[in-house]
$ cat protein.pdb   # PDB, C-alpha atoms
ATOM      1  CA  MET N   1      14.658  -1.952  14.571
ATOM      2  CA  ALA N   2      13.043   1.399  13.820
ATOM      3  CA  PHE N   3      11.302   3.771  16.209
ATOM      4  CA  PHE N   4       8.627   6.288  15.276
ATOM      5  CA  GLY N   5       7.011   8.236  18.071
ATOM      6  CA  ASN N   6       6.419   5.706  20.817
ATOM      7  CA  LYS N   7       6.029   2.810  18.403
ATOM      8  CA  LYS N   8       8.665   0.238  17.563
ATOM      9  CA  TYR N   9       8.993  -1.482  14.186
ATOM     10  CA  HIS N  10      11.193  -4.315  13.014
ATOM     11  CA  GLU N  11      12.882  -2.990   9.879
ATOM     12  CA  SER N  12      15.863  -4.654   8.260
ATOM     13  CA  SER N  13      18.646  -2.539   6.803
ATOM     14  CA  GLU N  14      17.592  -3.657   3.321
ATOM     15  CA  ALA N  15      13.972  -2.664   3.936
ATOM     16  CA  LYS N  16      15.016   0.700   5.351
ATOM     17  CA  SER N  17      17.270   1.395   2.386
ATOM     18  CA  HIS N  18      14.425   0.560  -0.002
ATOM     19  CA  ARG N  19      11.925   2.741   1.894
ATOM     20  CA  VAL N  20      14.295   5.701   1.910
ATOM     21  CA  SER N  21      15.046   5.293  -1.796
ATOM     22  CA  LEU N  22      11.313   5.369  -2.552
ATOM     23  CA  ILE N  23      10.947   8.591  -0.572
ATOM     24  CA  GLU N  24      13.976  10.128  -2.271
ATOM     25  CA  SER N  25      12.584   9.494  -5.759
ATOM     26  CA  LEU N  26       8.884  10.026  -5.035
ATOM     27  CA  THR N  27       6.498  11.539  -7.570
ATOM     28  CA  PHE N  28       4.775  14.797  -6.597
ATOM     29  CA  GLU N  29       1.169  15.002  -7.806
ATOM     30  CA  LEU N  30      -0.005  18.498  -8.778
ATOM     31  CA  VAL N  31      -3.516  19.775  -9.503
ATOM     32  CA  PRO N  32      -4.011  22.431 -12.242
ATOM     33  CA  LEU N  33      -5.253  25.276 -10.021
ATOM     34  CA  LYS N  34      -3.940  28.776  -9.272
ATOM     35  CA  SER N  35      -2.115  27.377  -6.221
ATOM     36  CA  VAL N  36       0.049  25.302  -8.548
ATOM     37  CA  VAL N  37       2.405  28.260  -9.117
ATOM     38  CA  GLY N  38       3.654  28.161  -5.526
ATOM     39  CA  ALA N  39       3.726  24.372  -5.641
ATOM     40  CA  ILE N  40       6.032  24.406  -8.653
ATOM     41  CA  ASP N  41       8.374  26.847  -6.929
ATOM     42  CA  ALA N  42       8.702  24.409  -4.016
ATOM     43  CA  LEU N  43       9.552  21.363  -6.149
ATOM     44  CA  PRO N  44      13.057  19.890  -5.921
ATOM     45  CA  VAL N  45      15.188  20.391  -9.011
ATOM     46  CA  GLU N  46      14.408  17.815 -11.733
ATOM     47  CA  ALA N  47      11.612  16.242  -9.672
ATOM     48  CA  GLU N  48       9.184  13.780 -11.222
ATOM     49  CA  VAL N  49       5.756  15.401 -11.331
ATOM     50  CA  SER N  50       2.337  13.941 -11.990
ATOM     51  CA  VAL N  51      -0.424  16.239 -13.316
ATOM     52  CA  THR N  52      -4.061  15.369 -12.609
ATOM     53  CA  CYS N  53      -6.991  15.535 -15.008
ATOM     54  CA  SER N  54     -10.552  16.311 -13.925
ATOM     55  CA  PRO N  55     -13.903  16.988 -15.625
ATOM     56  CA  SER N  56     -13.918  20.563 -14.326
ATOM     57  CA  LYS N  57     -10.491  21.429 -15.757
ATOM     58  CA  GLY N  58     -10.358  19.076 -18.730
ATOM     59  CA  ILE N  59      -7.511  17.384 -20.584
ATOM     60  CA  GLU N  60      -6.420  20.646 -22.209
ATOM     61  CA  GLU N  61      -5.486  22.213 -18.873
ATOM     62  CA  THR N  62      -3.484  19.096 -17.977
ATOM     63  CA  GLN N  63      -1.695  19.381 -21.312
ATOM     64  CA  ARG N  64      -0.933  23.060 -20.741
ATOM     65  CA  LEU N  65       0.568  22.499 -17.297
ATOM     66  CA  THR N  66       2.480  19.438 -18.509
ATOM     67  CA  ALA N  67       4.129  21.431 -21.311
ATOM     68  CA  ASP N  68       5.006  24.242 -18.889
ATOM     69  CA  LEU N  69       6.631  21.833 -16.430
ATOM     70  CA  CYS N  70       8.571  20.117 -19.215
ATOM     71  CA  ARG N  71       9.995  23.463 -20.286
ATOM     72  CA  GLN N  72      11.180  23.983 -16.704
ATOM     73  CA  GLY N  73      13.137  20.725 -16.765
ATOM     74  CA  PHE N  74      10.860  18.448 -14.751
ATOM     75  CA  THR N  75      10.010  14.869 -15.660
ATOM     76  CA  VAL N  76       6.248  15.016 -16.132
ATOM     77  CA  ILE N  77       3.572  12.321 -16.108
ATOM     78  CA  PRO N  78       0.238  13.701 -17.339
ATOM     79  CA  HIS N  79      -2.978  11.933 -16.389
ATOM     80  CA  ILE N  80      -5.298  11.172 -19.269
ATOM     81  CA  SER N  81      -8.919  10.604 -18.307
ATOM     82  CA  ALA N  82     -10.431   8.067 -20.696
ATOM     83  CA  ARG N  83     -13.973   9.378 -20.314
ATOM     84  CA  LEU N  84     -12.839  12.857 -21.423
ATOM     85  CA  VAL N  85     -11.335  11.590 -24.692
ATOM     86  CA  ARG N  86     -13.820  12.298 -27.452
ATOM     87  CA  ASP N  87     -13.004   9.645 -30.044
ATOM     88  CA  ARG N  88     -10.284   7.905 -32.048
ATOM     89  CA  ILE N  89      -9.215  11.187 -33.671
ATOM     90  CA  HIS N  90      -8.719  12.740 -30.224
ATOM     91  CA  THR N  91      -6.681   9.681 -29.205
ATOM     92  CA  LEU N  92      -4.409  10.148 -32.226
ATOM     93  CA  GLU N  93      -4.026  13.841 -31.350
ATOM     94  CA  LEU N  94      -3.024  12.943 -27.773
ATOM     95  CA  ALA N  95      -0.527  10.374 -29.028
ATOM     96  CA  ALA N  96       1.029  12.952 -31.362
ATOM     97  CA  TRP N  97       1.192  15.461 -28.488
ATOM     98  CA  CYS N  98       2.996  12.914 -26.290
ATOM     99  CA  ARG N  99       5.494  12.208 -29.054
ATOM    100  CA  GLU N 100       6.107  15.865 -29.900
ATOM    101  CA  LEU N 101       6.631  16.784 -26.252
ATOM    102  CA  GLY N 102       9.019  13.858 -25.805
ATOM    103  CA  LEU N 103       7.081  12.381 -22.873
ATOM    104  CA  SER N 104       8.309   9.043 -21.562
ATOM    105  CA  LYS N 105       5.382   8.268 -19.217
ATOM    106  CA  ILE N 106       1.658   8.873 -18.980
ATOM    107  CA  PHE N 107      -0.922   7.777 -16.419
ATOM    108  CA  ILE N 108      -4.316   6.572 -17.626
ATOM    109  CA  VAL N 109      -7.408   6.824 -15.440
ATOM    110  CA  GLY N 110     -11.037   6.077 -16.185
ATOM    111  CA  GLY N 111     -12.141   9.422 -14.809
ATOM    112  CA  ASP N 112     -15.282  10.757 -13.173
ATOM    113  CA  ALA N 113     -17.004  12.530 -16.053
ATOM    114  CA  GLU N 114     -20.717  11.668 -15.946
ATOM    115  CA  GLU N 115     -20.908  11.641 -19.733
ATOM    116  CA  HIS N 116     -18.182  10.096 -21.846
ATOM    117  CA  GLY N 117     -17.047  10.016 -25.433
ATOM    118  CA  GLU N 118     -16.025   6.891 -27.291
ATOM    119  CA  TYR N 119     -14.389   5.289 -24.257
ATOM    120  CA  PRO N 120     -16.445   4.285 -21.193
ATOM    121  CA  GLY N 121     -13.324   3.401 -19.211
ATOM    122  CA  ALA N 122      -9.563   3.110 -19.033
ATOM    123  CA  VAL N 123      -9.357  -0.403 -20.511
ATOM    124  CA  GLU N 124     -11.025   0.636 -23.757
ATOM    125  CA  PHE N 125      -8.932   3.786 -24.115
ATOM    126  CA  LEU N 126      -5.664   1.993 -23.291
ATOM    127  CA  ALA N 127      -6.367  -0.674 -25.914
ATOM    128  CA  ASP N 128      -6.850   2.003 -28.571
ATOM    129  CA  PHE N 129      -3.994   4.259 -27.431
ATOM    130  CA  LEU N 130      -1.520   1.360 -27.613
ATOM    131  CA  THR N 131      -2.169   1.042 -31.362
ATOM    132  CA  THR N 132      -0.985   4.616 -32.011
ATOM    133  CA  ASN N 133       2.479   6.020 -32.625
ATOM    134  CA  HIS N 134       2.704   7.467 -29.100
ATOM    135  CA  GLY N 135       6.416   7.202 -28.294
ATOM    136  CA  ILE N 136       5.644   6.479 -24.625
ATOM    137  CA  GLN N 137       7.992   4.139 -22.752
ATOM    138  CA  ALA N 138       5.865   3.382 -19.666
ATOM    139  CA  ILE N 139       2.172   3.709 -18.852
ATOM    140  CA  GLY N 140       0.723   3.831 -15.358
ATOM    141  CA  VAL N 141      -2.735   2.530 -14.469
ATOM    142  CA  THR N 142      -4.884   2.719 -11.354
ATOM    143  CA  ALA N 143      -5.178   0.208  -8.508
ATOM    144  CA  TYR N 144      -7.572   0.154  -5.549
ATOM    145  CA  PRO N 145      -6.458  -1.619  -2.341
ATOM    146  CA  ASP N 146      -9.329   0.060  -0.461
ATOM    147  CA  GLY N 147     -11.960  -0.711  -3.069
ATOM    148  CA  HIS N 148     -14.053   1.662  -5.174
ATOM    149  CA  ALA N 149     -17.417   3.231  -4.393
ATOM    150  CA  PHE N 150     -18.859   2.458  -7.838
ATOM    151  CA  LEU N 151     -17.069  -0.722  -8.978
ATOM    152  CA  SER N 152     -16.939  -4.206  -7.456
ATOM    153  CA  ASP N 153     -13.664  -5.812  -6.394
ATOM    154  CA  GLU N 154     -14.141  -8.360  -9.177
ATOM    155  CA  LYS N 155     -14.497  -5.631 -11.803
ATOM    156  CA  LEU N 156     -11.448  -3.799 -10.427
ATOM    157  CA  ARG N 157      -9.336  -6.956 -10.538
ATOM    158  CA  TRP N 158     -10.429  -7.799 -14.069
ATOM    159  CA  ALA N 159      -9.624  -4.276 -15.264
ATOM    160  CA  LEU N 160      -6.180  -4.212 -13.630
ATOM    161  CA  HIS N 161      -5.163  -7.588 -15.021
ATOM    162  CA  GLU N 162      -6.587  -6.742 -18.442
ATOM    163  CA  LYS N 163      -4.486  -3.574 -18.537
ATOM    164  CA  GLN N 164      -1.457  -5.671 -17.597
ATOM    165  CA  ARG N 165      -2.201  -8.015 -20.509
ATOM    166  CA  LEU N 166      -2.691  -5.171 -22.985
ATOM    167  CA  LEU N 167       0.592  -3.537 -21.986
ATOM    168  CA  ALA N 168       2.482  -6.838 -22.214
ATOM    169  CA  ASP N 169       1.016  -7.654 -25.631
ATOM    170  CA  ALA N 170       2.039  -4.196 -26.871
ATOM    171  CA  GLY N 171       5.549  -4.500 -25.427
ATOM    172  CA  VAL N 172       5.115  -1.355 -23.348
ATOM    173  CA  GLN N 173       6.334  -1.120 -19.771
ATOM    174  CA  GLY N 174       3.643  -0.535 -17.209
ATOM    175  CA  TYR N 175       3.035   0.001 -13.523
ATOM    176  CA  CYS N 176       0.028   0.422 -11.298
ATOM    177  CA  SER N 177      -0.338   3.237  -8.789
ATOM    178  CA  THR N 178      -2.631   2.792  -5.821
ATOM    179  CA  GLN N 179      -5.353   5.087  -4.555
ATOM    180  CA  MET N 180      -4.580   7.128  -1.439
ATOM    181  CA  CYS N 181      -4.905   4.655   1.432
ATOM    182  CA  PHE N 182      -4.069   4.842   5.129
ATOM    183  CA  GLY N 183      -4.373   1.189   6.172
ATOM    184  CA  PRO N 184      -1.051  -0.697   6.031
ATOM    185  CA  ASP N 185      -2.775  -4.033   6.663
ATOM    186  CA  ALA N 186      -5.260  -3.461   3.834
ATOM    187  CA  ILE N 187      -2.479  -2.502   1.438
ATOM    188  CA  ALA N 188      -0.307  -5.490   2.367
ATOM    189  CA  LYS N 189      -3.259  -7.894   2.047
ATOM    190  CA  TRP N 190      -4.189  -6.461  -1.340
ATOM    191  CA  LEU N 191      -0.597  -6.689  -2.573
ATOM    192  CA  ARG N 192      -0.224 -10.324  -1.503
ATOM    193  CA  THR N 193      -3.562 -11.309  -3.021
ATOM    194  CA  GLU N 194      -2.897  -9.586  -6.340
ATOM    195  CA  ARG N 195       0.568 -11.107  -6.616
ATOM    196  CA  GLU N 196      -0.955 -14.553  -5.976
ATOM    197  CA  MET N 197      -3.565 -13.827  -8.667
ATOM    198  CA  GLY N 198      -0.848 -13.088 -11.231
ATOM    199  CA  LEU N 199      -0.203  -9.356 -10.994
ATOM    200  CA  THR N 200       3.367  -8.780 -12.117
ATOM    201  CA  LEU N 201       3.250  -5.026 -12.736
ATOM    202  CA  PRO N 202       5.499  -2.899 -10.522
ATOM    203  CA  VAL N 203       3.420  -1.115  -7.871
ATOM    204  CA  HIS N 204       3.668   2.558  -6.923
ATOM    205  CA  LEU N 205       2.238   3.284  -3.494
ATOM    206  CA  GLY N 206      -0.162   6.239  -3.341
ATOM    207  CA  ILE N 207       0.129   8.200  -0.112
ATOM    208  CA  SER N 208      -1.029  11.568   1.170
ATOM    209  CA  GLY N 209       1.570  14.271   1.539
ATOM    210  CA  VAL N 210       1.775  16.544   4.558
ATOM    211  CA  VAL N 211      -1.459  18.496   4.215
ATOM    212  CA  ASP N 212      -2.882  21.582   5.903
ATOM    213  CA  LYS N 213      -6.539  20.792   6.515
ATOM    214  CA  ALA N 214      -7.921  24.281   5.899
ATOM    215  CA  ARG N 215      -6.144  24.518   2.548
ATOM    216  CA  LEU N 216      -7.364  21.034   1.639
ATOM    217  CA  LEU N 217     -10.975  22.125   2.159
ATOM    218  CA  THR N 218     -10.378  25.277   0.101
ATOM    219  CA  MET N 219      -8.932  23.211  -2.723
ATOM    220  CA  GLY N 220     -11.909  20.887  -2.604
ATOM    221  CA  ALA N 221     -14.228  23.824  -3.166
ATOM    222  CA  ARG N 222     -12.161  25.112  -6.076
ATOM    223  CA  LEU N 223     -12.193  21.719  -7.771
ATOM    224  CA  GLY N 224     -15.943  22.071  -8.121
ATOM    225  CA  ILE N 225     -18.757  20.718  -5.998
ATOM    226  CA  GLY N 226     -19.422  17.773  -8.279
ATOM    227  CA  ASP N 227     -15.798  16.685  -8.447
ATOM    228  CA  SER N 228     -15.366  17.109  -4.697
ATOM    229  CA  LEU N 229     -18.428  15.038  -3.873
ATOM    230  CA  LYS N 230     -17.302  12.269  -6.204
ATOM    231  CA  TYR N 231     -13.863  12.274  -4.607
ATOM    232  CA  LEU N 232     -15.392  12.180  -1.137
ATOM    233  CA  ARG N 233     -17.689   9.277  -1.973
ATOM    234  CA  LYS N 234     -14.806   7.266  -3.388
ATOM    235  CA  ASN N 235     -12.236   8.233  -0.741
ATOM    236  CA  VAL N 236     -14.255   8.893   2.395
ATOM    237  CA  GLY N 237     -11.846   6.926   4.607
ATOM    238  CA  ALA N 238      -8.844   8.866   3.361
ATOM    239  CA  VAL N 239     -10.515  12.251   3.800
ATOM    240  CA  VAL N 240     -11.727  11.425   7.320
ATOM    241  CA  LYS N 241      -8.222  10.259   8.258
ATOM    242  CA  ILE N 242      -6.671  13.533   7.097
ATOM    243  CA  MET N 243      -9.309  15.731   8.691
ATOM    244  CA  THR N 244      -9.346  13.984  12.096
ATOM    245  CA  THR N 245      -5.620  13.435  12.643
ATOM    246  CA  VAL N 246      -3.852  16.080  14.713
ATOM    247  CA  SER N 247      -0.513  15.634  12.988
ATOM    248  CA  TYR N 248      -0.403  13.251  10.033
ATOM    249  CA  ASP N 249       3.005  11.883   9.063
ATOM    250  CA  PRO N 250       3.416   9.588   6.020
ATOM    251  CA  ASN N 251       5.738   7.392   8.090
ATOM    252  CA  ASP N 252       2.629   6.292  10.016
ATOM    253  CA  LEU N 253       1.878   4.248   6.913
ATOM    254  CA  LEU N 254       5.336   3.557   5.526
ATOM    255  CA  LEU N 255       7.083   2.084   8.572
ATOM    256  CA  PRO N 256       4.534  -0.686   9.231
ATOM    257  CA  LEU N 257       4.683  -1.512   5.508
ATOM    258  CA  SER N 258       8.456  -1.363   5.177
ATOM    259  CA  SER N 259       9.166  -5.071   4.688
ATOM    260  CA  ASP N 260       6.213  -5.498   2.328
ATOM    261  CA  LEU N 261       7.396  -2.583   0.200
ATOM    262  CA  LEU N 262      10.594  -4.507  -0.434
ATOM    263  CA  ASP N 263       9.176  -8.020  -0.727
ATOM    264  CA  LEU N 264       6.052  -7.345  -2.798
ATOM    265  CA  GLY N 265       7.475  -5.244  -5.615
ATOM    266  CA  VAL N 266       6.659  -1.671  -4.636
ATOM    267  CA  THR N 267       9.039   0.289  -6.834
ATOM    268  CA  GLY N 268       7.665   3.823  -6.634
ATOM    269  CA  MET N 269       5.820   6.296  -4.441
ATOM    270  CA  HIS N 270       3.086   8.630  -5.669
ATOM    271  CA  VAL N 271       2.336  11.485  -3.277
ATOM    272  CA  PHE N 272      -0.984  13.332  -3.338
ATOM    273  CA  THR N 273       0.295  16.789  -2.373
ATOM    274  CA  PHE N 274      -2.928  18.785  -2.948
ATOM    275  CA  ASN N 275      -0.420  21.394  -4.217
ATOM    276  CA  GLN N 276       1.145  21.640  -0.744
ATOM    277  CA  VAL N 277       4.562  20.672  -2.036
ATOM    278  CA  GLU N 278       6.656  22.683   0.426
ATOM    279  CA  ALA N 279       5.459  20.774   3.500
ATOM    280  CA  THR N 280       5.717  17.418   1.770
ATOM    281  CA  ASN N 281       9.222  18.088   0.489
ATOM    282  CA  ALA N 282      10.296  19.263   3.953
ATOM    283  CA  TRP N 283       9.161  15.874   5.282
ATOM    284  CA  ARG N 284      11.012  14.122   2.444
ATOM    285  CA  GLU N 285      14.235  15.998   3.171
ATOM    286  CA  SER N 286      13.970  15.269   6.895
ATOM    287  CA  VAL N 287      13.718  11.528   6.174
ATOM    288  CA  LEU N 288      16.744  11.666   3.892
ATOM    289  CA  ALA N 289      18.740  13.658   6.462
ATOM    290  CA  GLU N 290      18.014  11.090   9.175
ATOM    291  CA  ALA N 291      18.690   8.036   7.023
TER     292      ALA N 291
END

$ encode --input "protein.pdb" --output "structure tokens"
Amino acid sequence: MAFFGNKKYHESSEAKSHRVSLIESLTFELVPLKSVVGAIDALPVEAEVSVTCSPSKGIEETQRLTADLCRQGFTVIPHISARLVRDRIHTLELAAWCRELGLSKIFIVGGDAEEHGEYPGAVEFLADFLTTNHGIQAIGVTAYPDGHAFLSDEKLRWALHEKQRLLADAGVQGYCSTQMCFGPDAIAKWLRTEREMGLTLPVHLGISGVVDKARLLTMGARLGIGDSLKYLRKNVGAVVKIMTTVSYDPNDLLLPLSSDLLDLGVTGMHVFTFNQVEATNAWRESVLAEA
């Protein structure tokens, strides 16, 4: 039995241990903006860090920050936006960069760029990237329990299962990381359905960190109006939840999901920090101290 606020949850010792272990080893997502300097200073030693990629900043800025974080001793997972990759030559250059930097993981997204190069989406880029000498051990791909503003559920399912097939055929480990979602029932239903439909990839749960609303709005402006509007259209439920909650705590989502996290193969946790690492890590440390 677990208590959070005035709510009571049935949580076995095994489920609690698994939930706490996910929090302990969570991945901190960073955005390449000026605020990232303070975010890096607040990271735990040897943390796993994910670096985003957007049309306004480009792949090159993601590469620059990734290299900087690697030099500081962090385990880094750069995002590669398929629609920002120019062509096969660019793909080979990215593969060589991954190998030279000694990266073990990357995360592939389709991306929001209105115009694209040779690859219209993540499936096409992944298929080509897997034929290169990349040296990567595991590749993450996107998953959408809450749906997508521009793509049907059928298209999303096909793409996820096609990525799973491509990774398996190439003998490369993979995982899928979910969009930021606040509905435990929606996540659990999606997980059960996808497992029944043949999804075997490990799942990393995407959750919001502890976010200051004013700073979140400021960051949205700095990302660029176009990028911000695209994010809002695709994630309107998540943004409204953050902006209308007096005091958001990630445990609001994690405790109701605790048993499903264990039973349905959730093996990682991806935290959207919006570069507010200090508050998120304080929450993480408080959970570990109380465990």

$ closest_residue --input "protein.pdb" --among "N:Pro145, N:Gly110, N:Gly102, N:Pro32" --to "Ala159 (chain N)" --atoms "all atoms listed in the file"
N:Gly110

$ resolve_selection --input "protein.pdb" --expression "the PyMOL selection byres ((chain N and resi 42-51) around 9)" --output "JSON, numbers by chain"
{"N": [25, 26, 27, 28, 29, 30, 31, 32, 37, 38, 39, 40, 41, 52, 53, 62, 63, 65, 66, 69, 72, 73, 74, 75, 76, 77, 78, 79, 106, 107, 270, 276, 277, 278, 279, 281]}

$ residues_around --input "protein.pdb" --residues "Val123 (chain N)" --least-positions-apart "4" --cutoff "9 Å" --atoms "all atoms listed in the file" --output "list in words"
Ala82, Gly110, Tyr119, Ala127, Asp128, Ala159, Leu160, Glu162, Lys163 and Leu166 of chain N

$ residues_around --input "protein.pdb" --residues "Tyr144 (chain N)" --least-positions-apart "3" --cutoff "6 Å" --atoms "only C-alpha atoms" --output "NGL selection string"
:N and (147 or 178-179)

$ atom_distance --input "protein.pdb" --atom1 "CA of Ser258 (chain N)" --atom2 "CA of Ser208 (chain N)"
16.5 Å

$ resolve_selection --input "protein.pdb" --expression "the PyMOL selection byres ((chain N and resi 288) around 9)" --output "VMD selection string"
chain N and resid 20 to 21 23 to 24 283 to 287 289 to 291

$ atom_distance --input "protein.pdb" --atom1 "CA of His161 (chain N)" --atom2 "CA of Ala122 (chain N)"
12.2 Å

$ atom_distance --input "protein.pdb" --atom1 "CA of Leu255 (chain N)" --atom2 "CA of Glu11 (chain N)"
7.8 Å

$ residues_around --input "protein.pdb" --residues "Arg157 (chain N)" --least-positions-apart "5" --cutoff "12 Å" --atoms "all atoms listed in the file" --output "PyMOL selection string"
chain N and resi 123+142-145+147-148+151-152+162-164+176+190-191+193-195+197-199

$ closest_residue --input "protein.pdb" --among "N:Leu257, N:Leu167, N:Cys181, N:Ala186" --to "Phe272 (chain N)" --atoms "only C-alpha atoms"
N:Cys181

$ residues_around --input "protein.pdb" --residues "Thr91 (chain N)" --least-positions-apart "3" --cutoff "9 Å" --atoms "all atoms listed in the file" --output "PDB file with C-alpha atoms, in the coordinates of the input"
ATOM      1  CA  VAL N  85     -11.335  11.590 -24.692  1.00  0.00           C
ATOM      2  CA  ARG N  86     -13.820  12.298 -27.452  1.00  0.00           C
ATOM      3  CA  ASP N  87     -13.004   9.645 -30.044  1.00  0.00           C
ATOM      4  CA  ARG N  88     -10.284   7.905 -32.048  1.00  0.00           C
ATOM      5  CA  LEU N  94      -3.024  12.943 -27.773  1.00  0.00           C
ATOM      6  CA  ALA N  95      -0.527  10.374 -29.028  1.00  0.00           C
ATOM      7  CA  ALA N  96       1.029  12.952 -31.362  1.00  0.00           C
ATOM      8  CA  PHE N 125      -8.932   3.786 -24.115  1.00  0.00           C
ATOM      9  CA  ASP N 128      -6.850   2.003 -28.571  1.00  0.00           C
ATOM     10  CA  PHE N 129      -3.994   4.259 -27.431  1.00  0.00           C
ATOM     11  CA  THR N 132      -0.985   4.616 -32.011  1.00  0.00           C
TER      12      THR N 132
END

$ resolve_selection --input "protein.pdb" --expression "the PyMOL selection byres ((chain N and resi 12) around 9)" --output "number ranges by chain"
N: 1-2, 10-11, 13-17, 258-259

$ build_atoms --input "protein.pdb" --residues "region 249-265 of chain N" --atoms "N, CA and C atoms" --output "compact mmCIF listing (two decimals), in the coordinates of the input"
# COMPACT_ATOMS: atom_id res chain seq x y z
N ASP N 249 1.65 12.08 9.59
CA ASP N 249 3.00 11.88 9.06
C ASP N 249 2.97 10.65 8.17
N PRO N 250 3.44 10.75 6.91
CA PRO N 250 3.42 9.59 6.02
C PRO N 250 4.12 8.36 6.58
N ASN N 251 5.06 8.55 7.50
CA ASN N 251 5.74 7.39 8.09
C ASN N 251 4.80 6.53 8.91
N ASP N 252 3.64 7.10 9.33
CA ASP N 252 2.63 6.29 10.02
C ASP N 252 2.22 5.11 9.15
N LEU N 253 2.23 5.30 7.86
CA LEU N 253 1.88 4.25 6.91
C LEU N 253 3.10 3.47 6.45
N LEU N 254 4.19 4.17 6.19
CA LEU N 254 5.34 3.56 5.53
C LEU N 254 6.12 2.61 6.43
N LEU N 255 6.29 2.95 7.70
CA LEU N 255 7.08 2.08 8.57
C LEU N 255 6.43 0.72 8.80
N PRO N 256 5.13 0.64 9.09
CA PRO N 256 4.53 -0.69 9.23
C PRO N 256 4.58 -1.50 7.94
N LEU N 257 4.66 -0.83 6.80
CA LEU N 257 4.68 -1.51 5.51
C LEU N 257 6.08 -1.80 5.00
N SER N 258 7.10 -1.40 5.71
CA SER N 258 8.46 -1.36 5.18
C SER N 258 8.89 -2.68 4.54
N SER N 259 8.72 -3.78 5.24
CA SER N 259 9.17 -5.07 4.69
C SER N 259 8.36 -5.46 3.46
N ASP N 260 7.05 -5.17 3.47
CA ASP N 260 6.21 -5.50 2.33
C ASP N 260 6.57 -4.66 1.11
N LEU N 261 6.98 -3.42 1.32
CA LEU N 261 7.40 -2.58 0.20
C LEU N 261 8.54 -3.23 -0.57
N LEU N 262 9.43 -3.85 0.17
CA LEU N 262 10.59 -4.51 -0.43
C LEU N 262 10.21 -5.84 -1.06
N ASP N 263 9.44 -6.63 -0.32
CA ASP N 263 9.18 -8.02 -0.73
C ASP N 263 8.12 -8.16 -1.82
N LEU N 264 7.19 -7.19 -1.91
CA LEU N 264 6.05 -7.34 -2.80
C LEU N 264 6.11 -6.44 -4.03
N GLY N 265 7.29 -5.93 -4.34
CA GLY N 265 7.48 -5.24 -5.62
C GLY N 265 6.94 -3.84 -5.69
